[in-house]
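Student: Have a look at the structure that comes next, please.
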Amino acid sequence: MNIHPKTKYAYDLLHEGTLALARAEQQGLRINMDYCEKKKAHLTRKIERMERLFKETNFFKHWQHTVKSPVNINSNLQLSNFLYKIKKLEPAYSTTSGQGSTDEDALKQLNIPELNDLLEIRKLKKVRDTYLDAFMREQVDGYIHPSFNLHLVVSYRSSSDRPNFQNNPKRDEESMRIVRSAIYPRPGHQLMEVDYSGIEVRINACINQDKTLVNYMRDPTSDMHRDMAIQIFKLDHFAKGATGHKVLRQATKNGFVFPEFYGDYYKNCAENMACVWGGLSKERWKPGQGIPLEDPMSVKNGLEGIYINLSDQLISKGIKTFDQFTNHLKDIEQDFWNNRFPEYRSWKDRWYWDYQKCGYIDLLSGFRCQGQMDRKQVCNYPGQGTAFHCLLWSFNRVDKTLREGGWDSRLVGQIHDSMLFDAHPDEVERLAKVVQQITCHDLPQFWPWIIVPMEVEMELAGIDKSWAELKPYVFSK
DNA sequence: GGAACTCGCCAC
DNA sequence: AAACGTGGCGAGTTCC
């Protein structure tokens, strides 16, 4: 695909961005080598112990018995052959090449306890071999210098390598802690991270100008994920802090709203959502099963700890089976695109039609994408690329401010919609104010097509604390 | 013995 | 009609 800046603004953004990112690369991030070595040795002992135990199981002995050469428990091809060809189990699904899948989800559906041990071994090896090893290999005098590329991604996002700084574990608490505990600020400094919240959805709202979506972004009391959770789970009330509701909101956001926006459909969404309460898919909801929901009304009345189970909630509303749930999501999908976000949908139709006529799409940030794209790519690139350009514009402006002002704090990295700082403790509060000003005020002023508010979330780790120790940071504006 | 491939998995 | 977008990277495997 041939992609290029169409305007001078676009050219300058990448030119300045390359320089600003190069400065961040030069700064680098401090690695605690002592920690890495000890943790690696610890993980290795743990992995060896788990492998010994695994090799004593009847499952493994059967596996080894069926083949001539020694089994490599890291080989998914060997595992796939054993499970699906020798044991003749039915794979949950297959890979693109037709082989029975052995990924986490597929193995879990087989309900074989020994496979959970294998998954645990996989997880520890991933942490050791992909992350800790990379830090130790790439560090120079105790600092890693990840590269940030602006020329490799078709949608105009960035990428990072040697080591990739944009995929360090975050969601899994254990992996997160092991990996991010290796990364430190310079002595006496603090790590600070500033994220644009929900920037891709906000930018999509600017692009398609759907009234409902724009209003959701403008009204701070509204919450589209909450509204969709209420609709999907037929909740009578939604209590922001109540146990269970937060989980349902998160599940709705990641299992329905985002996939629908990106072009997925109700059947996959139903599978996504079923994973949340687990084990229920494709069978009758069992009463008393599923995640507990705190009763919002009793919370309101000052009574805590009254719970209803999610399955009871769904059964009481007449959704008793996975098939019924799937049909329910089909109706909701219709409503989603026909009634809730009709202008988003018509934008997609129009946008793709125009691309088919002229062969390219222009982003609001002044870039053009041309070449062969399918409908989803055509509709998704503008949000993805332009959202990153907002981050890059801010990154450049912050970099310039810190350099010209002779600050001791510095930018050290970027993860698509966030910036990472190595900050001097005396400058933290002033830094927060400057970054707030640039990201949420200066940026929308520079790009008048930004018609919804921008918001950032800040996190700060203590002095000399690692990247695993980030805590929410609020300051008085 | 290295290039190119598949698969799985981490991030946004 | 079909059914989620963008990357990097490690291990295993196959091909030449």
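Each chain in the structure tokens gets a letter, A, B, ..., in the order shown, and its residues are numbered from 1; ligands are numbered from 1 in order too.
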With a cut-off of 12 Å and counting only C-alpha atoms (C1' of nucleotides), select all residues of chain B in contact with chain A and give the selection as a PDB file with N, CA and C atoms (P, O5', C5', C4', C3', O3' and C1' of nucleotides), in the first residue's frame.

Tutor:
```pdb
ATOM      1  P    DC B   5       7.029 -16.575   3.219  1.00  0.00           P
ATOM      2  O5'  DC B   5       6.148 -17.439   4.222  1.00  0.00           O
ATOM      3  C5'  DC B   5       5.857 -18.799   3.884  1.00  0.00           C
ATOM      4  C4'  DC B   5       5.709 -19.621   5.143  1.00  0.00           C
ATOM      5  C3'  DC B   5       4.622 -19.155   6.093  1.00  0.00           C
ATOM      6  O3'  DC B   5       3.367 -19.691   5.728  1.00  0.00           O
ATOM      7  C1'  DC B   5       6.544 -20.060   7.212  1.00  0.00           C
ATOM      8  P    DT B   6       2.066 -19.185   6.578  1.00  0.00           P
ATOM      9  O5'  DT B   6       2.087 -20.113   7.872  1.00  0.00           O
ATOM     10  C5'  DT B   6       2.178 -21.526   7.753  1.00  0.00           C
ATOM     11  C4'  DT B   6       2.028 -22.124   9.134  1.00  0.00           C
ATOM     12  C3'  DT B   6       0.810 -21.623   9.895  1.00  0.00           C
ATOM     13  O3'  DT B   6       0.204 -22.721  10.558  1.00  0.00           O
ATOM     14  C1'  DT B   6       2.773 -21.162  11.138  1.00  0.00           C
ATOM     15  P    DC B   7      -1.262 -22.541  11.206  1.00  0.00           P
ATOM     16  O5'  DC B   7      -0.917 -22.213  12.713  1.00  0.00           O
ATOM     17  C5'  DC B   7      -0.194 -23.161  13.485  1.00  0.00           C
ATOM     18  C4'  DC B   7       0.174 -22.539  14.809  1.00  0.00           C
ATOM     19  C3'  DC B   7      -0.981 -21.818  15.522  1.00  0.00           C
ATOM     20  O3'  DC B   7      -1.273 -22.556  16.696  1.00  0.00           O
ATOM     21  C1'  DC B   7       1.060 -20.573  15.610  1.00  0.00           C
ATOM     22  P    DG B   8      -2.520 -22.202  17.610  1.00  0.00           P
ATOM     23  O5'  DG B   8      -1.870 -21.245  18.699  1.00  0.00           O
ATOM     24  C5'  DG B   8      -0.776 -21.726  19.479  1.00  0.00           C
ATOM     25  C4'  DG B   8      -0.197 -20.579  20.268  1.00  0.00           C
ATOM     26  C3'  DG B   8      -1.238 -19.724  21.001  1.00  0.00           C
ATOM     27  O3'  DG B   8      -0.938 -19.711  22.373  1.00  0.00           O
ATOM     28  C1'  DG B   8       0.315 -18.366  19.807  1.00  0.00           C
ATOM     29  P    DC B   9      -1.891 -18.905  23.389  1.00  0.00           P
ATOM     30  O5'  DC B   9      -1.181 -17.489  23.494  1.00  0.00           O
ATOM     31  C5'  DC B   9       0.172 -17.418  23.961  1.00  0.00           C
ATOM     32  C4'  DC B   9       0.551 -15.961  24.097  1.00  0.00           C
ATOM     33  C3'  DC B   9      -0.582 -15.091  24.659  1.00  0.00           C
ATOM     34  O3'  DC B   9      -0.024 -14.131  25.527  1.00  0.00           O
ATOM     35  C1'  DC B   9       0.153 -14.212  22.639  1.00  0.00           C
ATOM     36  P    DC B  10      -0.833 -13.629  26.794  1.00  0.00           P
ATOM     37  O5'  DC B  10      -0.580 -12.065  26.788  1.00  0.00           O
ATOM     38  C5'  DC B  10       0.605 -11.535  27.378  1.00  0.00           C
ATOM     39  C4'  DC B  10       1.078 -10.343  26.582  1.00  0.00           C
ATOM     40  C3'  DC B  10       0.056  -9.240  26.359  1.00  0.00           C
ATOM     41  O3'  DC B  10      -0.127  -8.461  27.519  1.00  0.00           O
ATOM     42  C1'  DC B  10       1.344  -9.585  24.398  1.00  0.00           C
ATOM     43  P    DA B  11      -1.483  -7.664  27.724  1.00  0.00           P
ATOM     44  O5'  DA B  11      -1.286  -6.388  26.781  1.00  0.00           O
ATOM     45  C5'  DA B  11      -0.242  -5.458  27.069  1.00  0.00           C
ATOM     46  C4'  DA B  11      -0.076  -4.494  25.906  1.00  0.00           C
ATOM     47  C3'  DA B  11      -1.313  -3.677  25.585  1.00  0.00           C
ATOM     48  O3'  DA B  11      -1.340  -2.538  26.430  1.00  0.00           O
ATOM     49  C1'  DA B  11      -0.307  -4.497  23.576  1.00  0.00           C
ATOM     50  P    DC B  12      -2.724  -1.767  26.708  1.00  0.00           P
ATOM     51  O5'  DC B  12      -3.010  -1.012  25.336  1.00  0.00           O
ATOM     52  C5'  DC B  12      -2.128   0.036  24.916  1.00  0.00           C
ATOM     53  C4'  DC B  12      -2.515   0.473  23.517  1.00  0.00           C
ATOM     54  C3'  DC B  12      -3.895   1.094  23.429  1.00  0.00           C
ATOM     55  O3'  DC B  12      -3.819   2.351  22.776  1.00  0.00           O
ATOM     56  C1'  DC B  12      -3.667  -0.625  21.811  1.00  0.00           C
TER      57       DC B  12
END
```

Student: Please return, as a list in words, all residues of chain C lying within 6 Å of chain A when only C-alpha atoms (C1' of nucleotides) are considered.

Tutor: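 Matching residues, ligands excluded from the count: DA3, DC4 and DG12 of chain C.
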
Student: Restricted to N, CA and C atoms (P, O5', C5', C4', C3', O3' and C1' of nucleotides), what would the selected residues look like written as a PDB file, in the first residue's frame?

Tutor:
```pdb
ATOM      1  P    DA C   3     -16.178 -15.196   7.057  1.00  0.00           P
ATOM      2  O5'  DA C   3     -16.125 -14.125   8.227  1.00  0.00           O
ATOM      3  C5'  DA C   3     -15.696 -12.798   7.963  1.00  0.00           C
ATOM      4  C4'  DA C   3     -16.233 -11.896   9.040  1.00  0.00           C
ATOM      5  C3'  DA C   3     -16.082 -12.495  10.446  1.00  0.00           C
ATOM      6  O3'  DA C   3     -15.679 -11.458  11.306  1.00  0.00           O
ATOM      7  C1'  DA C   3     -18.309 -11.888  10.088  1.00  0.00           C
ATOM      8  P    DC C   4     -14.397 -11.602  12.134  1.00  0.00           P
ATOM      9  O5'  DC C   4     -14.415 -10.233  12.939  1.00  0.00           O
ATOM     10  C5'  DC C   4     -14.815  -9.034  12.291  1.00  0.00           C
ATOM     11  C4'  DC C   4     -13.780  -7.950  12.556  1.00  0.00           C
ATOM     12  C3'  DC C   4     -12.340  -8.456  12.326  1.00  0.00           C
ATOM     13  O3'  DC C   4     -11.616  -7.472  11.626  1.00  0.00           O
ATOM     14  C1'  DC C   4     -12.526  -7.518  14.453  1.00  0.00           C
ATOM     15  P    DG C  12      10.936 -24.886  20.901  1.00  0.00           P
ATOM     16  O5'  DG C  12      10.091 -25.232  19.605  1.00  0.00           O
ATOM     17  C5'  DG C  12       8.669 -25.373  19.724  1.00  0.00           C
ATOM     18  C4'  DG C  12       8.102 -25.706  18.367  1.00  0.00           C
ATOM     19  C3'  DG C  12       8.835 -26.813  17.616  1.00  0.00           C
ATOM     20  O3'  DG C  12       7.861 -27.715  17.117  1.00  0.00           O
ATOM     21  C1'  DG C  12       8.676 -24.882  16.254  1.00  0.00           C
TER      22       DG C  12
END
```

Student: What's around segment 333-340 of chain A at 9 Å? Count only C-alpha atoms (C1' of nucleotides), leave out sequence neighbours fewer than 3 positions away in its own chain, and write the answer as a ChimeraX atom specification.

Tutor: /A:212-213,228,260,265-266,328-330,343-345

Student: Those residues with C-alpha atoms, as a short mmCIF file (atom, residue, chain, number, x, y, z; two decimals), in the first residue's frame please?

Tutor:
```
data_model
loop_
_atom_site.label_atom_id
_atom_site.label_comp_id
_atom_site.auth_asym_id
_atom_site.auth_seq_id
_atom_site.Cartn_x
_atom_site.Cartn_y
_atom_site.Cartn_z
CA THR A 212 -25.78 10.11 19.54
CA LEU A 213 -22.10 9.22 19.62
CA MET A 228 -25.47 -1.04 26.45
CA GLU A 260 -19.47 -3.95 16.66
CA TYR A 265 -21.25 -9.26 14.45
CA TYR A 266 -23.65 -10.59 17.07
CA HIS A 328 -31.21 -11.41 21.97
CA LEU A 329 -27.87 -9.93 20.83
CA LYS A 330 -29.04 -10.14 17.21
CA GLU A 343 -25.47 8.07 11.26
CA TYR A 344 -22.38 6.05 12.10
CA ARG A 345 -23.75 3.30 9.87
#
```

Student: Assign secondary structure with DSSP using the backbone only, and return the residues of segment 120-285 of chain A in strand (DSSP E or B) as a ChimeraX atom specification.

Tutor: /A:140,143-144,147-149,159-161,183-184,190-196,284

Student: Hey, can you check how far atom CA of Asp210 of chain A sits from atom CA of Gly366 of chain A?

Tutor: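 Going from atom CA of Asp210 of chain A over to atom CA of Gly366 of chain A, I get 21.5 Å.
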
Student: If I take atom CA of Tyr143 of chain A and atom CA of Val434 of chain A, how far is one from the other in Å, to one decimal?

Tutor: 27.0 Å

Student: If we count only C-alpha atoms (C1' of nucleotides) and set the cut-off at 12 Å, which residues sit around DA4 of chain B, ignoring sequence neighbours fewer than 5 positions away in its own chain? Please answer as a CSV table (one decimal) with C-alpha atoms (C1' of nucleotides), in the first residue's frame.

Tutor:
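The resulting file, selection-v8.csv, is shown below:
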```csv
chain,number,residue,atom,x,y,z
C,13,DT,C1',8.8,-26.4,11.7
C,14,DT,C1',9.7,-26.8,6.7
C,15,DC,C1',12.1,-25.8,2.7
C,16,DC,C1',16.1,-25.1,0.0
```

Student: So the first atom is atom CA of Leu310 of chain A and the second is atom CA of Pro292 of chain A; what is the distance between them in Å, to one decimal place?

Tutor: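 Separating atom CA of Leu310 of chain A from atom CA of Pro292 of chain A is a distance of 6.0 Å.
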
Student: Where does DSSP see alpha helix (DSSP H) in segment 170-400 of chain A, if you list the residues as a PyMOL selection string?

Tutor: chain A and resi 173-180+199-208+211-218+224-233+245-252+258-262+266-277+296-300+310-316+322-335+342-358+375-400

Student: May I have the residues within 12 Å of Asn116 of chain A as a ChimeraX atom specification, using only C-alpha atoms (C1' of nucleotides) and disregarding those fewer than 3 positions away in the same chain?

Tutor: /A:50,54,59,102-113,119-123
